[in-house]
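Engineer: Quick one, input_11.csv (CSV, C-alpha atoms):
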```csv
chain,number,residue,atom,x,y,z
A,1,MET,CA,20.2,9.5,-13.6
A,2,ILE,CA,16.7,10.1,-12.1
A,3,LEU,CA,14.6,7.0,-11.4
A,4,PRO,CA,10.7,7.3,-11.4
A,5,LEU,CA,9.0,5.4,-8.6
A,6,GLY,CA,5.4,5.1,-7.4
A,7,VAL,CA,4.6,4.3,-3.7
A,8,ASP,CA,1.1,3.4,-2.5
A,9,LEU,CA,0.9,4.1,1.2
A,10,GLY,CA,-1.7,1.4,1.9
A,11,ASN,CA,-3.0,0.7,5.4
A,12,ALA,CA,-2.4,-3.0,5.2
A,13,ASP,CA,0.4,-3.2,2.7
A,14,LEU,CA,2.7,-0.6,1.2
A,15,LYS,CA,3.3,-1.2,-2.5
A,16,LEU,CA,6.1,0.2,-4.7
A,17,SER,CA,6.2,0.2,-8.5
A,18,GLY,CA,9.1,1.1,-10.7
A,19,PRO,CA,11.3,0.1,-13.6
A,20,ARG,CA,13.2,-3.2,-14.0
A,21,ARG,CA,13.5,-5.5,-11.0
A,22,ASP,CA,12.3,-3.0,-8.4
A,23,ALA,CA,8.8,-3.1,-9.9
A,24,LEU,CA,5.8,-4.4,-8.0
A,25,ILE,CA,7.1,-4.8,-4.5
A,26,SER,CA,4.8,-5.2,-1.5
A,27,MET,CA,5.4,-5.2,2.2
A,28,PRO,CA,3.1,-5.3,5.3
A,29,HIS,CA,2.3,-1.8,6.6
A,30,ALA,CA,4.0,-2.4,10.0
A,31,LEU,CA,6.7,-0.5,11.8
A,32,ALA,CA,8.3,-1.2,15.1
A,33,ARG,CA,10.7,1.3,16.6
A,34,VAL,CA,13.7,-0.5,18.1
A,35,PRO,CA,14.0,0.1,21.9
A,36,SER,CA,17.4,1.3,23.1
A,37,THR,CA,17.9,-2.0,24.9
A,38,ASP,CA,17.1,-4.2,21.9
A,39,ALA,CA,18.8,-4.8,18.5
A,40,ARG,CA,19.0,-7.8,16.3
A,41,ASP,CA,22.3,-9.5,15.9
A,42,PRO,CA,23.1,-9.7,12.2
A,43,SER,CA,24.9,-13.0,12.8
A,44,LEU,CA,21.6,-14.6,13.8
A,45,VAL,CA,19.9,-13.8,10.5
A,46,PRO,CA,20.2,-16.3,7.6
A,47,PRO,CA,22.5,-14.6,5.1
A,48,ALA,CA,20.5,-16.0,2.1
A,49,ALA,CA,17.1,-14.9,3.4
A,50,ASP,CA,14.9,-12.5,1.5
A,51,PRO,CA,15.7,-9.0,2.8
A,52,TRP,CA,12.0,-8.1,2.6
A,53,ASP,CA,11.4,-10.5,5.5
A,54,TYR,CA,14.1,-9.0,7.7
A,55,LEU,CA,14.0,-5.2,7.2
A,56,HIS,CA,16.0,-3.6,10.0
A,57,ALA,CA,17.4,-0.1,9.4
A,58,GLU,CA,18.1,3.3,10.9
A,59,VAL,CA,16.6,6.3,9.1
A,60,LEU,CA,18.0,9.8,9.1
A,61,SER,CA,15.8,12.4,7.5
A,62,PRO,CA,15.3,16.2,7.7
A,63,ALA,CA,11.6,15.5,8.3
A,64,LEU,CA,12.4,13.5,11.5
A,65,PRO,CA,13.6,15.1,14.8
A,66,ARG,CA,16.2,12.4,15.3
A,67,PRO,CA,17.5,9.2,13.7
A,68,VAL,CA,15.1,6.3,14.1
A,69,GLU,CA,16.1,2.6,14.2
A,70,VAL,CA,13.2,0.4,13.1
A,71,TYR,CA,12.0,-3.1,12.2
A,72,ALA,CA,9.7,-2.8,9.2
A,73,GLY,CA,7.3,-4.9,7.2
A,74,MET,CA,7.1,-8.6,7.8
A,75,LEU,CA,9.8,-8.5,10.5
A,76,ALA,CA,7.8,-6.0,12.5
A,77,ALA,CA,4.4,-7.7,12.0
A,78,ARG,CA,5.5,-11.2,12.7
A,79,GLU,CA,8.3,-10.9,15.3
A,80,TYR,CA,7.6,-7.6,17.1
A,81,PRO,CA,3.8,-7.3,17.2
A,82,HIS,CA,4.0,-5.8,20.7
A,83,LEU,CA,6.1,-2.9,19.4
A,84,THR,CA,4.4,-2.5,16.0
A,85,GLU,CA,2.8,0.8,15.0
A,86,GLU,CA,0.0,0.3,12.5
A,87,ALA,CA,-2.4,2.5,10.6
A,88,ARG,CA,-5.2,3.9,12.7
A,89,GLU,CA,-8.7,4.7,11.5
A,90,GLY,CA,-9.0,8.2,10.3
A,91,GLU,CA,-5.3,8.8,10.6
A,92,ALA,CA,-3.7,11.6,8.5
A,93,LYS,CA,-0.9,10.3,6.4
A,94,ALA,CA,0.7,13.6,5.3
A,95,GLY,CA,2.4,14.3,8.6
A,96,SER,CA,2.9,10.7,9.7
A,97,ASP,CA,6.5,9.8,10.6
A,98,ARG,CA,5.6,6.1,10.2
A,99,HIS,CA,4.4,6.5,6.6
A,100,LEU,CA,7.5,8.5,5.8
A,101,ILE,CA,9.8,5.9,7.3
A,102,LEU,CA,8.1,2.9,5.6
A,103,ALA,CA,8.3,4.7,2.3
A,104,LEU,CA,12.0,5.5,2.7
A,105,VAL,CA,13.0,2.0,3.8
A,106,SER,CA,11.0,0.3,1.0
A,107,MET,CA,12.5,2.6,-1.7
A,108,ALA,CA,16.1,2.1,-0.4
A,109,THR,CA,15.6,-1.7,-0.4
A,110,ALA,CA,14.1,-1.8,-3.8
A,111,LEU,CA,16.6,0.5,-5.4
A,112,HIS,CA,19.5,-1.4,-3.9
A,113,GLN,CA,18.2,-4.7,-5.2
A,114,ALA,CA,17.8,-3.2,-8.7
A,115,ASN,CA,21.2,-1.4,-8.7
A,116,PRO,CA,23.3,-3.0,-6.0
A,117,SER,CA,26.5,-1.2,-7.1
A,118,GLN,CA,25.1,2.2,-6.2
A,119,SER,CA,24.7,3.9,-2.8
A,120,HIS,CA,23.2,7.2,-4.0
A,121,TYR,CA,19.9,7.4,-5.9
A,122,THR,CA,18.0,10.3,-7.3
A,123,VAL,CA,14.3,9.7,-7.5
A,124,ALA,CA,11.2,11.3,-9.0
A,125,LEU,CA,8.4,10.0,-6.8
A,126,ALA,CA,4.6,9.9,-7.1
A,127,VAL,CA,2.7,9.2,-4.0
A,128,ALA,CA,-1.0,9.2,-3.1
A,129,LEU,CA,-3.1,10.5,-0.2
A,130,PRO,CA,-6.7,9.3,0.6
A,131,LEU,CA,-9.3,11.3,-1.1
A,132,ALA,CA,-10.6,13.1,1.9
A,133,GLU,CA,-7.0,14.2,2.9
A,134,ALA,CA,-5.9,15.0,-0.6
A,135,ALA,CA,-8.8,17.5,-0.8
A,136,HIS,CA,-6.7,19.8,1.4
A,137,LYS,CA,-3.9,21.6,-0.5
A,138,GLU,CA,-1.9,22.0,2.7
A,139,ALA,CA,-1.9,18.3,3.3
A,140,ARG,CA,-0.5,17.6,-0.2
A,141,GLU,CA,2.1,20.3,0.2
A,142,GLN,CA,3.1,19.0,3.7
A,143,LEU,CA,3.8,15.5,2.4
A,144,ALA,CA,5.7,16.7,-0.6
A,145,GLN,CA,7.8,19.0,1.5
A,146,ARG,CA,8.7,16.2,4.0
A,147,LEU,CA,9.7,13.9,1.2
A,148,ARG,CA,11.5,16.4,-1.1
A,149,ALA,CA,14.9,16.2,0.6
A,150,ASP,CA,18.0,14.0,1.0
A,151,HIS,CA,17.4,11.0,3.3
A,152,LEU,CA,19.8,8.3,4.6
A,153,VAL,CA,18.8,4.7,5.2
A,154,ALA,CA,21.5,2.7,7.1
A,155,PHE,CA,20.7,-1.1,7.1
A,156,ARG,CA,21.5,-3.2,10.2
A,157,SER,CA,20.7,-6.9,10.3
A,158,THR,CA,18.9,-7.1,6.9
A,159,PRO,CA,20.4,-10.0,4.9
A,160,GLY,CA,22.5,-8.8,1.9
A,161,LEU,CA,22.4,-5.3,3.2
A,162,VAL,CA,24.2,-5.4,6.5
A,163,GLY,CA,26.2,-2.2,7.0
A,164,ARG,CA,25.0,-0.6,3.7
A,165,GLU,CA,24.0,3.0,3.7
A,166,ILE,CA,21.7,4.2,1.0
A,167,THR,CA,21.1,7.9,0.2
A,168,LEU,CA,17.8,8.9,-1.4
A,169,ARG,CA,17.6,12.3,-3.0
A,170,LEU,CA,13.9,12.8,-3.7
A,171,ALA,CA,14.3,15.6,-6.3
A,172,HIS,CA,10.7,15.6,-7.6
A,173,VAL,CA,7.6,14.6,-5.5
A,174,ASP,CA,4.1,14.6,-6.9
A,175,VAL,CA,1.2,14.0,-4.5
A,176,VAL,CA,-2.2,12.9,-5.9
A,177,PRO,CA,-5.5,11.5,-4.6
A,178,GLU,CA,-5.6,7.7,-4.4
A,179,GLY,CA,-8.5,7.6,-6.8
A,180,ALA,CA,-6.6,9.6,-9.4
A,181,ALA,CA,-3.6,7.1,-9.1
A,182,ALA,CA,-5.8,4.2,-9.9
A,183,TYR,CA,-7.4,6.1,-12.8
A,184,PHE,CA,-3.9,6.7,-14.3
A,185,SER,CA,-3.4,2.9,-14.2
A,186,LEU,CA,-6.8,2.2,-15.7
A,187,ILE,CA,-6.4,4.4,-18.7
A,188,GLN,CA,-2.9,3.1,-19.3
A,189,ARG,CA,-4.5,-0.3,-19.9
A,190,ASP,CA,-7.6,0.9,-21.8
A,191,PRO,CA,-7.2,4.5,-23.2
A,192,THR,CA,-10.8,4.4,-24.5
A,193,LEU,CA,-12.0,4.8,-20.9
A,194,VAL,CA,-10.8,8.4,-20.9
A,195,ASN,CA,-14.0,9.4,-22.7
A,196,GLN,CA,-16.3,7.5,-20.3
A,197,HIS,CA,-17.8,8.1,-16.9
A,198,VAL,CA,-15.9,5.8,-14.6
A,199,LEU,CA,-16.6,5.1,-10.9
A,200,LEU,CA,-13.5,3.7,-9.2
A,201,VAL,CA,-14.1,1.8,-6.0
A,202,ASP,CA,-11.1,0.9,-3.8
A,203,VAL,CA,-11.7,-1.4,-0.9
A,204,GLY,CA,-8.8,-0.8,1.4
A,205,ALA,CA,-7.7,-2.2,4.7
A,206,ARG,CA,-9.4,0.5,6.8
A,207,SER,CA,-11.6,2.4,4.4
A,208,LEU,CA,-13.7,2.3,1.2
A,209,ASP,CA,-12.7,5.1,-1.3
A,210,TRP,CA,-14.5,6.0,-4.4
A,211,ALA,CA,-14.0,8.5,-7.2
A,212,VAL,CA,-15.9,9.5,-10.3
A,213,PHE,CA,-14.0,10.6,-13.5
A,214,GLY,CA,-15.8,12.1,-16.5
A,215,PRO,CA,-14.5,12.5,-20.1
A,216,GLN,CA,-10.9,13.5,-20.4
A,217,GLY,CA,-10.3,12.5,-16.8
A,218,ARG,CA,-12.2,15.4,-15.2
A,219,PHE,CA,-12.3,14.9,-11.5
A,220,ALA,CA,-13.5,17.1,-8.6
A,221,LEU,CA,-13.1,16.3,-5.0
A,222,GLY,CA,-16.3,16.5,-3.0
A,223,LEU,CA,-19.3,15.2,-4.9
A,224,SER,CA,-17.1,13.2,-7.2
A,225,GLY,CA,-15.2,11.2,-4.5
A,226,GLY,CA,-15.2,10.2,-0.9
A,227,THR,CA,-14.1,7.9,1.9
A,228,ALA,CA,-16.1,5.8,4.3
A,229,ASP,CA,-14.7,4.0,7.4
A,230,GLY,CA,-14.5,0.2,7.2
A,231,GLY,CA,-12.5,-2.2,5.1
A,232,LEU,CA,-10.8,-5.5,5.1
A,233,ILE,CA,-9.4,-5.1,8.6
A,234,VAL,CA,-13.0,-5.2,9.9
A,235,ALA,CA,-13.5,-8.6,8.4
A,236,ALA,CA,-10.0,-9.8,9.3
A,237,ASP,CA,-10.6,-9.0,13.0
A,238,ARG,CA,-13.9,-10.8,13.0
A,239,ILE,CA,-12.3,-13.8,11.3
A,240,LEU,CA,-9.4,-13.8,13.8
A,241,ALA,CA,-11.8,-13.7,16.8
A,242,GLY,CA,-14.0,-16.4,15.3
A,243,ALA,CA,-11.0,-18.7,14.6
A,244,ARG,CA,-9.7,-18.3,18.1
A,245,SER,CA,-13.1,-18.9,19.6
A,246,ALA,CA,-13.4,-22.1,17.6
A,247,PHE,CA,-9.9,-23.5,17.9
A,248,GLY,CA,-8.2,-21.6,20.8
A,249,PRO,CA,-6.2,-18.5,21.5
A,250,HIS,CA,-3.0,-19.9,20.0
A,251,VAL,CA,-4.3,-19.5,16.4
A,252,ALA,CA,-2.5,-16.8,14.5
A,253,ARG,CA,-0.3,-14.1,16.1
A,254,HIS,CA,-1.7,-11.0,14.4
A,255,ARG,CA,-4.4,-9.8,12.0
A,256,GLN,CA,-1.7,-9.6,9.3
A,257,ASP,CA,-1.8,-13.4,9.4
A,258,VAL,CA,-5.4,-13.3,8.5
A,259,LEU,CA,-4.8,-10.8,5.6
A,260,THR,CA,-2.0,-13.0,4.3
A,261,ALA,CA,-4.2,-16.1,4.5
A,262,LEU,CA,-7.0,-14.4,2.6
A,263,ARG,CA,-4.5,-13.2,-0.1
A,264,ASP,CA,-2.9,-16.6,-0.5
A,265,ALA,CA,-6.2,-18.4,-0.7
A,266,ARG,CA,-7.3,-16.0,-3.5
A,267,LEU,CA,-4.1,-16.4,-5.4
A,268,GLN,CA,-3.8,-20.2,-5.0
A,269,GLY,CA,-7.5,-21.1,-5.2
A,270,THR,CA,-7.3,-23.0,-1.9
A,271,PRO,CA,-9.2,-22.7,1.4
A,272,ALA,CA,-8.0,-20.1,3.7
A,273,ARG,CA,-6.1,-21.4,6.7
A,274,LEU,CA,-4.4,-20.0,9.8
A,275,TRP,CA,-1.7,-21.6,11.8
A,276,GLY,CA,-1.2,-22.2,15.5
A,277,ASN,CA,1.5,-24.2,17.3
A,278,GLY,CA,2.7,-25.6,14.0
A,279,ARG,CA,-0.8,-26.9,12.9
A,280,PRO,CA,-3.0,-25.5,10.1
A,281,TYR,CA,-6.7,-24.6,10.7
A,282,GLU,CA,-8.9,-24.2,7.7
A,283,ILE,CA,-11.5,-21.5,8.0
A,284,PRO,CA,-13.5,-21.4,4.7
A,285,ASP,CA,-17.0,-21.1,6.3
A,286,LEU,CA,-15.8,-18.3,8.6
A,287,VAL,CA,-14.2,-16.4,5.7
A,288,ASP,CA,-17.2,-16.8,3.5
A,289,ALA,CA,-19.6,-15.4,6.1
A,290,GLU,CA,-17.4,-12.4,7.0
A,291,LEU,CA,-16.5,-11.5,3.4
A,292,THR,CA,-20.2,-11.8,2.4
A,293,ARG,CA,-21.1,-9.5,5.3
A,294,LEU,CA,-18.5,-6.9,4.2
A,295,ALA,CA,-19.6,-7.2,0.6
A,296,ARG,CA,-23.1,-6.3,1.5
A,297,ASP,CA,-21.9,-3.2,3.3
A,298,VAL,CA,-19.8,-2.1,0.3
A,299,ALA,CA,-22.6,-2.8,-2.2
A,300,ARG,CA,-25.1,-0.7,-0.2
A,301,LEU,CA,-22.7,2.3,0.0
A,302,VAL,CA,-21.8,2.0,-3.7
A,303,SER,CA,-25.4,1.8,-4.7
A,304,ASP,CA,-26.1,5.1,-3.0
A,305,VAL,CA,-23.1,6.6,-4.7
A,306,VAL,CA,-24.3,5.4,-8.1
A,307,GLN,CA,-27.8,6.9,-7.5
A,308,ARG,CA,-26.4,10.3,-6.5
A,309,MET,CA,-23.9,10.4,-9.3
A,310,GLY,CA,-26.3,9.7,-12.1
A,311,ARG,CA,-24.5,8.5,-15.2
A,312,VAL,CA,-21.8,5.8,-14.6
A,313,ASP,CA,-20.5,3.9,-17.7
A,314,HIS,CA,-18.0,1.7,-15.8
A,315,LEU,CA,-17.8,0.6,-12.1
A,316,ALA,CA,-14.2,-0.5,-11.6
A,317,LEU,CA,-12.9,-2.4,-8.6
A,318,VAL,CA,-9.3,-1.7,-7.6
A,319,GLY,CA,-7.0,-2.6,-4.7
A,320,GLY,CA,-6.4,-5.9,-2.9
A,321,GLY,CA,-9.7,-5.6,-1.2
A,322,GLY,CA,-11.5,-5.2,-4.5
A,323,ALA,CA,-9.9,-8.3,-5.9
A,324,LEU,CA,-10.8,-10.3,-2.8
A,325,LEU,CA,-14.4,-9.1,-2.6
A,326,ALA,CA,-15.2,-9.2,-6.3
A,327,PRO,CA,-16.9,-12.6,-6.3
A,328,TYR,CA,-18.8,-11.8,-3.1
A,329,LEU,CA,-20.0,-8.4,-4.6
A,330,ALA,CA,-21.3,-10.2,-7.7
A,331,ARG,CA,-23.2,-12.6,-5.5
A,332,VAL,CA,-24.9,-10.0,-3.3
A,333,SER,CA,-25.5,-7.1,-5.8
A,334,ASP,CA,-26.7,-6.6,-9.4
A,335,LEU,CA,-24.3,-3.7,-10.0
A,336,PRO,CA,-22.0,-4.1,-13.0
A,337,TRP,CA,-18.8,-4.7,-11.1
A,338,LEU,CA,-15.6,-4.7,-13.2
A,339,LEU,CA,-12.4,-6.0,-11.6
A,340,VAL,CA,-9.5,-4.3,-13.3
A,341,ASP,CA,-6.5,-6.4,-14.3
A,342,ASN,CA,-4.0,-6.7,-11.5
A,343,ALA,CA,-6.3,-4.8,-9.2
A,344,PRO,CA,-4.1,-4.9,-6.1
A,345,TRP,CA,-1.5,-2.9,-7.9
A,346,ALA,CA,-3.7,-0.3,-9.6
A,347,ASN,CA,-2.6,2.6,-7.4
A,348,ALA,CA,1.1,1.8,-7.4
A,349,TYR,CA,1.2,1.1,-11.1
A,350,GLY,CA,-0.6,4.4,-11.8
A,351,LEU,CA,1.7,6.3,-9.5
A,352,TYR,CA,4.7,5.0,-11.3
A,353,HIS,CA,3.4,6.1,-14.7
A,354,ARG,CA,2.5,9.4,-13.2
A,355,ALA,CA,6.1,9.8,-11.9
A,356,GLN,CA,7.5,8.8,-15.3
A,357,ALA,CA,5.3,11.2,-17.1
A,358,GLN,CA,6.1,14.1,-14.8
A,359,LEU,CA,9.8,13.4,-15.1
A,360,GLN,CA,9.6,13.3,-18.9
A,361,GLN,CA,7.8,16.6,-18.9
A,362,GLN,CA,10.5,18.2,-16.7
A,363,VAL,CA,13.3,16.8,-18.9
A,364,ALA,CA,11.5,18.2,-22.0
A,365,ALA,CA,11.0,21.6,-20.4
A,366,THR,CA,14.6,21.8,-19.4
A,367,ALA,CA,15.8,20.9,-22.9
A,368,ALA,CA,13.5,23.5,-24.5
A,369,ALA,CA,14.8,26.2,-22.2
A,370,ARG,CA,18.4,25.6,-23.3
```
What would the structure in this file look like if it were written as structure tokens?

Structural biologist:
Amino acid sequence: MILPLGVDLGNADLKLSGPRRDALISMPHALARVPSTDARDPSLVPPAADPWDYLHAEVLSPALPRPVEVYAGMLAAREYPHLTEEAREGEAKAGSDRHLILALVSMATALHQANPSQSHYTVALAVALPLAEAAHKEAREQLAQRLRADHLVAFRSTPGLVGREITLRLAHVDVVPEGAAAYFSLIQRDPTLVNQHVLLVDVGARSLDWAVFGPQGRFALGLSGGTADGGLIVAADRILAGARSAFGPHVARHRQDVLTALRDARLQGTPARLWGNGRPYEIPDLVDAELTRLARDVARLVSDVVQRMGRVDHLALVGGGGALLAPYLARVSDLPWLLVDNAPWANAYGLYHRAQAQLQQQVAATAAAR
């Protein structure tokens, strides 16, 4: 059985979308390579803990020169920030070992949780690259080639997975631009948009991506899409610096704490707060000032895009940054912003449906050839 999966290689969070219980899974984009002198003792990890909070695994892949033991996601971001590798501005994703490892660990964890009786999984994967990188055919082919293989993920101290070895056979890999992934998601929800001119705006962690789609989903890289530096991390770093200046250097351990606080405040409708030495510090004024500042930058850039593109029927916000900035953008700009349903998951959701459609086409073609 081949399982379709979509993986959004975000710069703040990696998101995975698939069928059944492995749908809609998110983990911080953080990876720490385990030094040879250090390894977590499985007996010290609570056996009933959520495995996504304690991802510790060794990855063997034809795309890697040697096996790599890592802490990933929340474990890396919270407990090993001094070792953590994170996304860098302008970094290419196609040849990145870190992106590859995070994708493999997340897929292995999700598939095991959905089908714990298995240890071998065959996957049809759809994954996205940033618009600027996806414009180069060699980048798309490089990522597909690195992924299209048999990979082994051997779990170490991860609760519920200690000693388990998961083999991933990525039989089919489809690499698309991130804007196209969100567009797949958008037309799944509203098929009438396929005949409209849609400007998609994705406020990411480190960049702002946009893409214009015409009737029947016509899309051309270049004038119809682009990427600009900047994103939520710019605001998060300023918020972290402001909080430490106001309350002391003990507030928060990492910018991931700020991003988590912003997300939780949006979902719960409560003031954003950071923690230090076991004490909460509410920072609503600081958050409001920095997100308003970021929203003005985004609105100026998108206004220029709209003027250059001419006709735009819908201006759709996607991504976690889009969801977070939506009320601020409405406040600072008269543009007709439309926040799509479940915006943080637009790319991952669209990628899953892309993988599912590609798999169905291949099955039909094989059946027709018999």

Engineer: Mind pulling up the distance from CA of Leu335 in chain A to CA of Trp210 in chain A?

Structural biologist: 14.9 Å

Engineer: For the atom pair CA of Glu58 in chain A and CA of Leu83 in chain A, what is the interatomic distance in Å to one decimal place?

Structural biologist: 16.0 Å

Engineer: Have a look at CA of Ala316 in chain A and CA of Leu232 in chain A and let me know their distance in Å, one decimal.

Structural biologist: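 So the two atoms, CA of Ala316 in chain A and CA of Leu232 in chain A, lie 17.8 Å apart.
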
Engineer: Which residue, A:Arg293, A:Arg78, A:Arg273, A:His250, has the smallest gap to Ala235 in chain A when you use only C-alpha atoms?

Structural biologist: A:Arg293

Engineer: Leaving out Val332 in chain A and any residue of its chain fewer than 2 positions from it, which residues lie within 10 Å of it when counting only C-alpha atoms, given as a list in words?

Structural biologist: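 Near Val332 in chain A, the qualifying residues are Thr292, Arg293, Ala295, Arg296, Asp297, Ala299, Arg300, Pro327, Tyr328, Leu329, Ala330, Asp334 and Leu335 of chain A.
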
Engineer: If we count only C-alpha atoms and set the cut-off at 6 Å, which residues sit around range 191-207 of chain A, ignoring sequence neighbours fewer than 3 positions away in its own chain? Please answer as number ranges by chain.

Structural biologist: A: 11-12, 187-188, 210-217, 228-233, 312-319, 321-322

Engineer: Which one of A:Pro42, A:Gly95, A:Pro130, A:Pro35 sits closest to Ala182 in chain A if you count all atoms listed in the file?

Structural biologist: A:Pro130

Engineer: Quick one: of A:Leu351, A:Leu301, A:Ala110, A:Leu324, who's nearest to Gly269 in chain A, counting only C-alpha atoms?

Structural biologist: A:Leu324

Engineer: Which residue out of A:Ser117, A:Ser26, A:Thr109, A:Thr167 has the minimum interatomic distance to Leu55 in chain A when all atoms listed in the file are used?

Structural biologist: A:Thr109

Engineer: Name the residues in contact with His29 in chain A at a cut-off of 9 Å, using only C-alpha atoms, excluding same-chain residues fewer than 3 positions from it; report them as a list in words.

Structural biologist: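 The residues satisfying every condition are Leu9, Gly10, Asn11, Ala12, Asp13, Leu14, Ala72, Gly73, Met74, Ala77, Glu85, Glu86, Ala87, His99 and Leu102 of chain A.
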
Engineer: Go through A:Arg244, A:Arg238, A:His56, A:Arg40 one by one, measure the shortest atom-to-atom distance of each to Leu161 in chain A using only C-alpha atoms, and give the residue with the smallest value.

Structural biologist: A:His56

Engineer: Which residue is closest to Ala30 in chain A? Choose from A:Asp209, A:His254, A:Leu240, A:Ala139 and count all atoms listed in the file.

Structural biologist: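 Nearest to Ala30 in chain A: A:His254.
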
Engineer: When you look at Ser157 in chain A with a cut-off of 10 Å (counting only C-alpha atoms), what residues show up, excluding the ones that are within fewer than 6 positions of it in the same chain? I need them as an NGL selection string.

Structural biologist: :A and (39-47 or 51 or 54-57 or 71 or 163)

Engineer: Could you write those residues out with C-alpha atoms, as a PDB file, keeping the file's coordinate frame?

Structural biologist:
```pdb
ATOM      1  CA  ALA A  39      18.800  -4.800  18.500  1.00  0.00           C
ATOM      2  CA  ARG A  40      19.000  -7.800  16.300  1.00  0.00           C
ATOM      3  CA  ASP A  41      22.300  -9.500  15.900  1.00  0.00           C
ATOM      4  CA  PRO A  42      23.100  -9.700  12.200  1.00  0.00           C
ATOM      5  CA  SER A  43      24.900 -13.000  12.800  1.00  0.00           C
ATOM      6  CA  LEU A  44      21.600 -14.600  13.800  1.00  0.00           C
ATOM      7  CA  VAL A  45      19.900 -13.800  10.500  1.00  0.00           C
ATOM      8  CA  PRO A  46      20.200 -16.300   7.600  1.00  0.00           C
ATOM      9  CA  PRO A  47      22.500 -14.600   5.100  1.00  0.00           C
ATOM     10  CA  PRO A  51      15.700  -9.000   2.800  1.00  0.00           C
ATOM     11  CA  TYR A  54      14.100  -9.000   7.700  1.00  0.00           C
ATOM     12  CA  LEU A  55      14.000  -5.200   7.200  1.00  0.00           C
ATOM     13  CA  HIS A  56      16.000  -3.600  10.000  1.00  0.00           C
ATOM     14  CA  ALA A  57      17.400  -0.100   9.400  1.00  0.00           C
ATOM     15  CA  TYR A  71      12.000  -3.100  12.200  1.00  0.00           C
ATOM     16  CA  GLY A 163      26.200  -2.200   7.000  1.00  0.00           C
TER      17      GLY A 163
END
```

Engineer: So which residues touch Val153 in chain A within 6 Å, counting only C-alpha atoms, skipping near sequence neighbours fewer than 6 positions away, as a ChimeraX atom specification?

Structural biologist: /A:58-59,165-166

Engineer: Using C-alpha atoms, can you write the selected residues to a file as a compact mmCIF listing (two decimals), keeping the file's coordinate frame?

Structural biologist:
```txt
# COMPACT_ATOMS: atom_id res chain seq x y z
CA GLU A 58 18.10 3.30 10.90
CA VAL A 59 16.60 6.30 9.10
CA GLU A 165 24.00 3.00 3.70
CA ILE A 166 21.70 4.20 1.00
```

Engineer: List every protein, DNA or RNA residue that has an atom no more than 10 Å from (17.7, 8.1, -18.1) in the file's coordinate frame, counting all atoms listed in the file, and report them as an MDAnalysis selection string.

Structural biologist: chainID A and resid 1:4 359:360 363
